[in-house]
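This report concerns only the one structure given below.
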Amino acid sequence: MLKNSTNKVFVIGHKNPDTDSICSAICYARLKNSISKDVQYIAKRAGTLNTETEYVLERFGVEEPELLSNVRLQVKDVDINRLPGVSANTSIKEAWYIMKNQNVFTLAVTEDDKLQGVISTGDIAMSYMDIFDNRILSIAKTPFENIVSAVDGKVIVGDVDECFSDGKSLVAASSPDLMEKIIQKGDLVICGNRYEVQLCAIELEARCIIICGEIRIAETIKKLAEEKNTLIVQTIYDPLTTARLINQGIPVEYFMKKEGLTVFHTSDYVDDIKTSVTKDRSRDFPVVDENESFYGFISSRRLMEATKKKIILVDHNEKTQAIDGIEEAEILEIIDHHRLGGLETVGPLHFRNQPVGCTATIVYHMYKENDISLDENTAALLCSAILSDTLMFRSPTSTIVDEMVAKELADIAGIECQELAGKMFRAGSNLKGKTAEEICFQDFKTFSAGNVKFGVGQINFMDADELKDIKEVLYPYLETVAKIHKLDMVFFMMTNIFEQKTEVLYYGKEAKKQLQEAYNLSGDDEIIVLDGVVSRKKQFIPTFVVSLQN
């Protein structure tokens, strides 16, 4: 059974994603899709990939997840009718048949994909009630092509490239003597099989005559019509029926609504426009894209009944680290290995949190629990995530479980852990050519402790010479980071993986003092190095938060 493409759940990690958050999102989405038949699970990313993660995805031939900037429900996320627009010259008859065949109640009138107006079944119904003027066809500049189509006619003489733009329409039911007083140059005349009536209408320079009935039309009539530039159309209908049908050729432009339209953009947020929907009694609303081109229609019912985006969070459970708009989404699950961060949800959910070194370790166990075998590619991604988050088992967050799982995954994937980790770390520490912003935010998280809000970024490095250049670029930028995110303090950890130590850059009025108190440091040196500290999650954050609280 095919999955319903409209029933989507996004699996997504934290902002400034690392290898664990990306690989776990991809692999958990694969697991859920192998179990579910009715829901489509899609891995997304909440930020720019770092160079280490880029290396992993490229090495194993996996396309990076698409960026999802926020999870507020937008118009483009709701079911939109993508029926194309019609031209302004489309007849109301054709418009009616399109609506009937497509089971819709409103059509867009467009020119070069730009919205000109809308016409509804109600507008067409009202047109039948409001058509009393016998000059309505010319006032509406009705194309002769529409007139021929409206009466299911056949062109006998002339062409239909022009519009009926000057004159009235009438049924020639009188004698030729009376007709001379009624018919004027440029009129449209509906007549029967009477030769003298046809001849009179042409001689009086009628622009078009519609001859009713399946009759033979005299050659003299045809010849004279050509000389006088009179269009002759023949229809199978009688004059009364023809007179009733002819107005169906009026172009939709004449009846369409073009002023005071309520138009939405695909990028509009549903919660922001619901008030407009309740104030406007329209059944359907036109939607345009970022280029102001017509995109489709969305019904008021769809908008008012629209449900929140459904998401699964991996590798985080704090609002400050979550994608924008998280409070407006429906969180179905959280799979994480960090401390509880106080993210509130409206209803209960599946929350799995285990004290291991990597979310990927948990995802591996969930494959086993659901008796789903891992292919080589999935195993390689999960193994890469574990090696990254545990610094190849050197991090204090690493557990024996992580190491056992990584080795089993490596066997499945046919890879060697030490070789993979070395290339991953070298790719991740290659920051040449990157801006201060790119370096800082490739792995940056914000935290709160009491009334203090602070941010902590981290990079791992293997080249001391390169580190010197990075510091010169990064240090002045920390003040900008604090202002952008409205932080009291900003710290940046530069971790030497192999020497097991971290140099910390800092910014903020109390930043240095709090850092020294947290780690019992003394002295006035600007450079602060924390020996044995390599983990932000297990060594830096807990120690610093406890110090702040004390």
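Labels used: A, B, ... for chains in the order of the structure tokens, numbers from 1 for residues in each chain, and numbers from 1 for ligands as shown.
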Mind checking which residues fall within 12 Å of Lys423 of chain A, counting only C-alpha atoms, ignoring those fewer than 4 positions away in the same chain, and posting them as a ChimeraX atom specification? /A:51-56,59,384,387-388,392,416-419,427-430,462
Output N, CA, C and O atoms for every residue in the selection just made, as a CSV table (one decimal), in the first residue's frame.
```csv
chain,number,residue,atom,x,y,z
A,51,THR,N,31.8,20.4,8.2
A,51,THR,CA,32.7,19.7,7.2
A,51,THR,C,32.8,18.2,7.5
A,51,THR,O,33.0,17.4,6.6
A,52,GLU,N,32.8,17.9,8.8
A,52,GLU,CA,32.9,16.5,9.2
A,52,GLU,C,31.7,15.7,8.6
A,52,GLU,O,31.8,14.6,8.0
A,53,THR,N,30.5,16.3,8.9
A,53,THR,CA,29.3,15.6,8.4
A,53,THR,C,29.2,15.5,6.9
A,53,THR,O,28.8,14.5,6.3
A,54,GLU,N,29.6,16.6,6.3
A,54,GLU,CA,29.7,16.6,4.8
A,54,GLU,C,30.6,15.5,4.3
A,54,GLU,O,30.2,14.8,3.3
A,55,TYR,N,31.7,15.3,5.0
A,55,TYR,CA,32.6,14.2,4.6
A,55,TYR,C,31.9,12.8,4.7
A,55,TYR,O,32.0,12.0,3.8
A,56,VAL,N,31.2,12.6,5.8
A,56,VAL,CA,30.6,11.3,6.0
A,56,VAL,C,29.5,11.0,5.0
A,56,VAL,O,29.5,10.0,4.4
A,59,ARG,N,31.2,10.4,1.6
A,59,ARG,CA,31.9,9.1,1.6
A,59,ARG,C,30.9,8.0,1.3
A,59,ARG,O,31.2,7.0,0.6
A,384,SER,N,29.5,6.1,12.0
A,384,SER,CA,30.2,7.4,11.9
A,384,SER,C,29.7,8.4,13.0
A,384,SER,O,30.5,9.1,13.6
A,387,LEU,N,31.4,7.4,16.4
A,387,LEU,CA,32.8,7.8,16.4
A,387,LEU,C,32.9,9.3,16.6
A,387,LEU,O,33.8,9.7,17.3
A,388,SER,N,32.0,10.0,16.0
A,388,SER,CA,32.1,11.5,16.1
A,388,SER,C,31.7,11.9,17.5
A,388,SER,O,32.5,12.7,18.1
A,392,MET,N,35.8,8.9,19.1
A,392,MET,CA,36.4,7.5,19.0
A,392,MET,C,36.7,6.9,20.4
A,392,MET,O,37.8,6.4,20.6
A,416,GLU,N,36.6,0.3,8.8
A,416,GLU,CA,37.6,0.2,9.9
A,416,GLU,C,37.5,1.5,10.8
A,416,GLU,O,37.6,2.6,10.2
A,417,CYS,N,37.1,1.3,12.0
A,417,CYS,CA,36.8,2.5,12.9
A,417,CYS,C,37.9,3.5,13.0
A,417,CYS,O,37.7,4.7,12.8
A,418,GLN,N,39.1,3.1,13.2
A,418,GLN,CA,40.2,4.0,13.3
A,418,GLN,C,40.5,4.8,12.1
A,418,GLN,O,40.7,6.0,12.1
A,419,GLU,N,40.5,4.2,10.9
A,419,GLU,CA,40.7,4.8,9.6
A,419,GLU,C,39.6,5.8,9.4
A,419,GLU,O,39.8,7.0,9.0
A,427,ALA,N,38.7,16.0,8.5
A,427,ALA,CA,37.8,16.8,7.6
A,427,ALA,C,37.1,17.9,8.5
A,427,ALA,O,36.9,19.0,8.1
A,428,GLY,N,36.8,17.5,9.7
A,428,GLY,CA,36.1,18.4,10.6
A,428,GLY,C,37.0,19.5,11.1
A,428,GLY,O,36.5,20.6,11.4
A,429,SER,N,38.3,19.3,11.2
A,429,SER,CA,39.2,20.3,11.7
A,429,SER,C,39.7,21.2,10.6
A,429,SER,O,40.4,22.2,10.9
A,430,ASN,N,39.4,20.9,9.4
A,430,ASN,CA,39.8,21.7,8.3
A,430,ASN,C,38.9,22.9,8.1
A,430,ASN,O,37.9,22.9,7.5
A,462,MET,N,43.2,19.3,15.1
A,462,MET,CA,44.4,18.4,15.2
A,462,MET,C,45.6,19.1,14.8
A,462,MET,O,46.7,18.6,14.8
```
Contact residues around Lys76 of chain A with only C-alpha atoms at 12 Å, ignoring same-chain residues under 6 positions, as a ChimeraX atom specification: /A:6,82,264-270,287-290,295-298,302-303,306,309
Store the residues picked out above in a file with N, CA, C and O atoms, as a short mmCIF file (atom, residue, chain, number, x, y, z; two decimals), in the first residue's frame.
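Final output, saved to selection-v2.cif:
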```
data_model
loop_
_atom_site.label_atom_id
_atom_site.label_comp_id
_atom_site.auth_asym_id
_atom_site.auth_seq_id
_atom_site.Cartn_x
_atom_site.Cartn_y
_atom_site.Cartn_z
N THR A 6 0.47 13.19 1.92
CA THR A 6 0.06 14.35 2.71
C THR A 6 0.23 14.11 4.20
O THR A 6 0.12 15.03 4.99
N ARG A 82 -4.00 22.55 -7.35
CA ARG A 82 -3.05 23.12 -8.30
C ARG A 82 -3.63 23.27 -9.71
O ARG A 82 -2.90 23.31 -10.68
N PHE A 264 -3.30 34.82 -0.70
CA PHE A 264 -2.27 34.36 0.22
C PHE A 264 -1.02 33.94 -0.54
O PHE A 264 -1.09 33.59 -1.72
N HIS A 265 0.11 33.97 0.16
CA HIS A 265 1.37 33.48 -0.40
C HIS A 265 1.65 32.08 0.15
O HIS A 265 1.23 31.74 1.27
N THR A 266 2.38 31.30 -0.61
CA THR A 266 2.73 29.95 -0.15
C THR A 266 3.51 30.00 1.15
O THR A 266 3.47 29.07 1.93
N SER A 267 4.23 31.10 1.39
CA SER A 267 5.07 31.21 2.58
C SER A 267 4.32 31.76 3.79
O SER A 267 4.88 31.81 4.89
N ASP A 268 3.06 32.19 3.62
CA ASP A 268 2.30 32.72 4.75
C ASP A 268 2.09 31.64 5.81
O ASP A 268 1.87 30.47 5.48
N TYR A 269 2.12 32.06 7.07
CA TYR A 269 1.86 31.13 8.16
C TYR A 269 0.36 31.04 8.42
O TYR A 269 -0.34 32.05 8.51
N VAL A 270 -0.13 29.82 8.54
CA VAL A 270 -1.56 29.58 8.65
C VAL A 270 -2.16 30.31 9.85
O VAL A 270 -3.23 30.93 9.74
N VAL A 287 -3.76 31.45 -4.19
CA VAL A 287 -2.43 31.41 -3.57
C VAL A 287 -1.39 31.71 -4.64
O VAL A 287 -1.46 31.18 -5.75
N VAL A 288 -0.44 32.59 -4.32
CA VAL A 288 0.66 32.90 -5.25
C VAL A 288 1.97 32.49 -4.60
O VAL A 288 2.09 32.40 -3.38
N ASP A 289 2.98 32.24 -5.45
CA ASP A 289 4.28 31.81 -4.93
C ASP A 289 5.19 33.00 -4.69
O ASP A 289 4.75 34.17 -4.75
N GLU A 290 6.47 32.72 -4.42
CA GLU A 290 7.42 33.79 -4.10
C GLU A 290 7.66 34.73 -5.27
O GLU A 290 8.13 35.87 -5.08
N TYR A 295 -0.36 30.02 -7.94
CA TYR A 295 0.07 28.69 -7.50
C TYR A 295 -1.10 27.71 -7.40
O TYR A 295 -0.96 26.54 -7.69
N GLY A 296 -2.25 28.19 -6.98
CA GLY A 296 -3.40 27.31 -6.82
C GLY A 296 -4.43 27.93 -5.89
O GLY A 296 -4.35 29.11 -5.53
N PHE A 297 -5.41 27.13 -5.51
CA PHE A 297 -6.46 27.58 -4.59
C PHE A 297 -6.42 26.76 -3.31
O PHE A 297 -6.11 25.57 -3.32
N ILE A 298 -6.75 27.44 -2.23
CA ILE A 298 -6.88 26.75 -0.95
C ILE A 298 -8.25 27.09 -0.38
O ILE A 298 -8.69 28.25 -0.42
N ARG A 302 -10.10 23.93 4.44
CA ARG A 302 -8.76 23.35 4.59
C ARG A 302 -7.91 24.19 5.53
O ARG A 302 -7.17 23.67 6.36
N LEU A 303 -8.01 25.51 5.38
CA LEU A 303 -7.21 26.40 6.21
C LEU A 303 -7.62 26.31 7.68
O LEU A 303 -6.77 26.23 8.57
N ALA A 306 -6.61 22.93 9.21
CA ALA A 306 -5.21 22.52 9.05
C ALA A 306 -4.60 22.12 10.39
O ALA A 306 -4.78 22.80 11.40
N LYS A 309 2.33 20.78 11.97
CA LYS A 309 3.35 19.88 11.43
C LYS A 309 3.73 18.86 12.50
O LYS A 309 3.87 19.21 13.68
#
```
By how many Å are atom CA of Tyr507 of chain A and atom CA of Pro476 of chain A apart? 9.1 Å
Identify, with DSSP run on backbone atoms, the residues in segment 264-470 of chain A assigned to helix (DSSP H, G or I), and express the list as number ranges by chain. A: 270-279, 300-305, 319-321, 326-328, 359-369, 376-389, 400-413, 417-429, 436-443, 464-470
Quick one: of A:Leu261, A:Ile527, A:Ile541, A:Ala172, who's nearest to Phe454 of chain A, counting only C-alpha atoms?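 Among the listed residues, the smallest separation from Phe454 of chain A belongs to A:Ile541.
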Distance in Å - atom CA of Glu376 of chain A versus atom CA of Asp443 of chain A: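 Separation of atom CA of Glu376 of chain A and atom CA of Asp443 of chain A: 27.6 Å.
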Enumerate the residues of segment 137-181 of chain A with a DSSP assignment of strand (DSSP E or B), computed from the backbone, and present them as a count of residues only. 11
Tell me, counting only C-alpha atoms, for each residue of segment 44-147 of chain A within 12 Å of segment 226-232 of chain A, which pair of atoms is nearest and how far apart they are in Å to one decimal, in rows ordered by chain and increasing number, as CSV.
```
residue,atom,partner,partner_atom,distance
A:Phe144,CA,A:Leu231,CA,8.9
A:Glu145,CA,A:Leu231,CA,11.1
A:Ile147,CA,A:Leu231,CA,11.3
```
Can you write out the residues you just picked, keeping N, CA and C atoms, as a PDB file, in the first residue's frame?
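See again-v3.pdb below for the written result:
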```
ATOM      1  N   PHE A 144     -15.357  36.229 -31.269  1.00  0.00           N
ATOM      2  CA  PHE A 144     -16.271  35.461 -32.117  1.00  0.00           C
ATOM      3  C   PHE A 144     -16.059  33.958 -31.930  1.00  0.00           C
ATOM      4  N   GLU A 145     -14.836  33.583 -31.606  1.00  0.00           N
ATOM      5  CA  GLU A 145     -14.544  32.169 -31.348  1.00  0.00           C
ATOM      6  C   GLU A 145     -15.409  31.641 -30.207  1.00  0.00           C
ATOM      7  N   ILE A 147     -18.335  32.850 -29.331  1.00  0.00           N
ATOM      8  CA  ILE A 147     -19.730  32.815 -29.775  1.00  0.00           C
ATOM      9  C   ILE A 147     -20.004  31.530 -30.558  1.00  0.00           C
TER      10      ILE A 147
END
```
I'd like the contact shell of Thr121 of chain A - 7 Å cut-off, only C-alpha atoms, skipping same-chain residues fewer than 3 positions apart - returned as a ChimeraX atom specification. /A:105-106,124-125
Can I get the selected residues back with C-alpha atoms, as a JSON list (two decimals), in the first residue's frame?
```json
[["chain", "number", "residue", "atom", "x", "y", "z"],
["A", 105, "PHE", "CA", -16.08, 26.04, -7.53],
["A", 106, "THR", "CA", -13.53, 28.72, -8.41],
["A", 124, "ILE", "CA", -21.53, 32.48, -13.53],
["A", 125, "ALA", "CA", -24.95, 31.83, -12.02]]
```
